[in-house]
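Structure, as structure tokens:
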Amino acid sequence: MQNVVAINSAASQGIIAAQATTDDMLLESIADGDRTSMHTLYARHNVRVYRFILRIVRDTTIAEDLVSQVFLDVWRTAKQFEGRSQVSTWLLSIARFKALTALRQRRFEDIDQDEVREIADDSDTPETSLERSTTSAILRACVAKLSPAHREIITLIYYHEKSVEEVGQIIGIPQSTVKTRMFYARKHLAELLRGAGVHSLAA
């Protein structure tokens, strides 16, 4: 019984220690070849990176493959991280480059059928339309209608909660350009939401 208690205590301490370790500390250890730190960083950020990539490539298989490539790059280049931005910002910068490269390599961009189904059909009955067109579904559909540049800005700021400065670092553009794109992205999104009958989010 004492052994079980000791094991549980050690496990709890290990979890607490992992949670207390910052991303920068993990990268330092990864640069020294520590695989445990690599697993911790992956567990901490893989879902966020996957969702970010998926919004660009709109293909789950490609997104999953690119996530693996992103963290393989992190393993190989951890020593090159200079700490001038947050680790999460650096990860999304790598992810963005991978995703855009994948898009350029594809001759045709497939339409995301899930998002198409979320857009209400005018031929639906009012009951069916109300059932299908929840606020969140309409919002996702409207974001999907934005231009790639505007969709990227909305995704980074609202879904990934990045600051204007961080968005500029990820995309590689001045903060003033980020603000300008954000203004027009919000304006266009508000128009789309009003057109879809969602006035509460279009204010």
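FYI, nothing fancy with the structure tokens labels: chains A, B, ... in order, residues from 1 per chain, ligands from 1 as they appear.
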
Q.
Can you pull out the residues contacting A:Asp73? Cut-off 12 Å, using only C-alpha atoms, and skip same-chain residues under 3 positions away; I want them as a PyMOL selection string.
A. chain A and resi 30-31+38+42+66-70+76-81+90-91+93-95+97-98

* Asked: Residues at most 6 Å from stretch 181-191 of chain A, counting only C-alpha atoms, excluding those fewer than 2 positions away in the same chain, as a PyMOL selection string?
  -> chain A and resi 150+178-179+193-194+202

Restrict the selected residues to C-alpha atoms and save them as a compact mmCIF listing (two decimals), in the first residue's frame.
# COMPACT_ATOMS: atom_id res chain seq x y z
CA HIS A 150 -9.16 38.14 -43.68
CA VAL A 178 -2.76 43.76 -39.30
CA LYS A 179 -5.05 46.49 -37.95
CA LEU A 193 -23.71 37.75 -40.44
CA ARG A 194 -26.45 40.31 -41.03
CA ALA A 202 -22.83 41.69 -36.39

The residue from A:Ala196, A:Ala43, A:Ile56, A:Met25 with the smallest atom-to-atom distance to A:Ser147, counting only C-alpha atoms, is A:Ile56

Between atom CA of A:Leu92 and atom CA of A:Ala63 lies a distance of 13.0 Å

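Using only C-alpha atoms, the nearest neighbour of A:Ala99 within the list A:Ser85, A:Ala137, A:Leu27, A:Tyr50 is A:Tyr50.
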
Of A:Ala141, A:Val164, A:Leu100, A:Val49, the one nearest to A:Thr177 when counting only C-alpha atoms is A:Val164

Atom CA of A:Val57 sits from atom CA of A:Ala144 at a separation of 11.7 Å

Students should find that atom CA of A:Ile170 and atom CA of A:Arg58 are spaced 19.5 Å
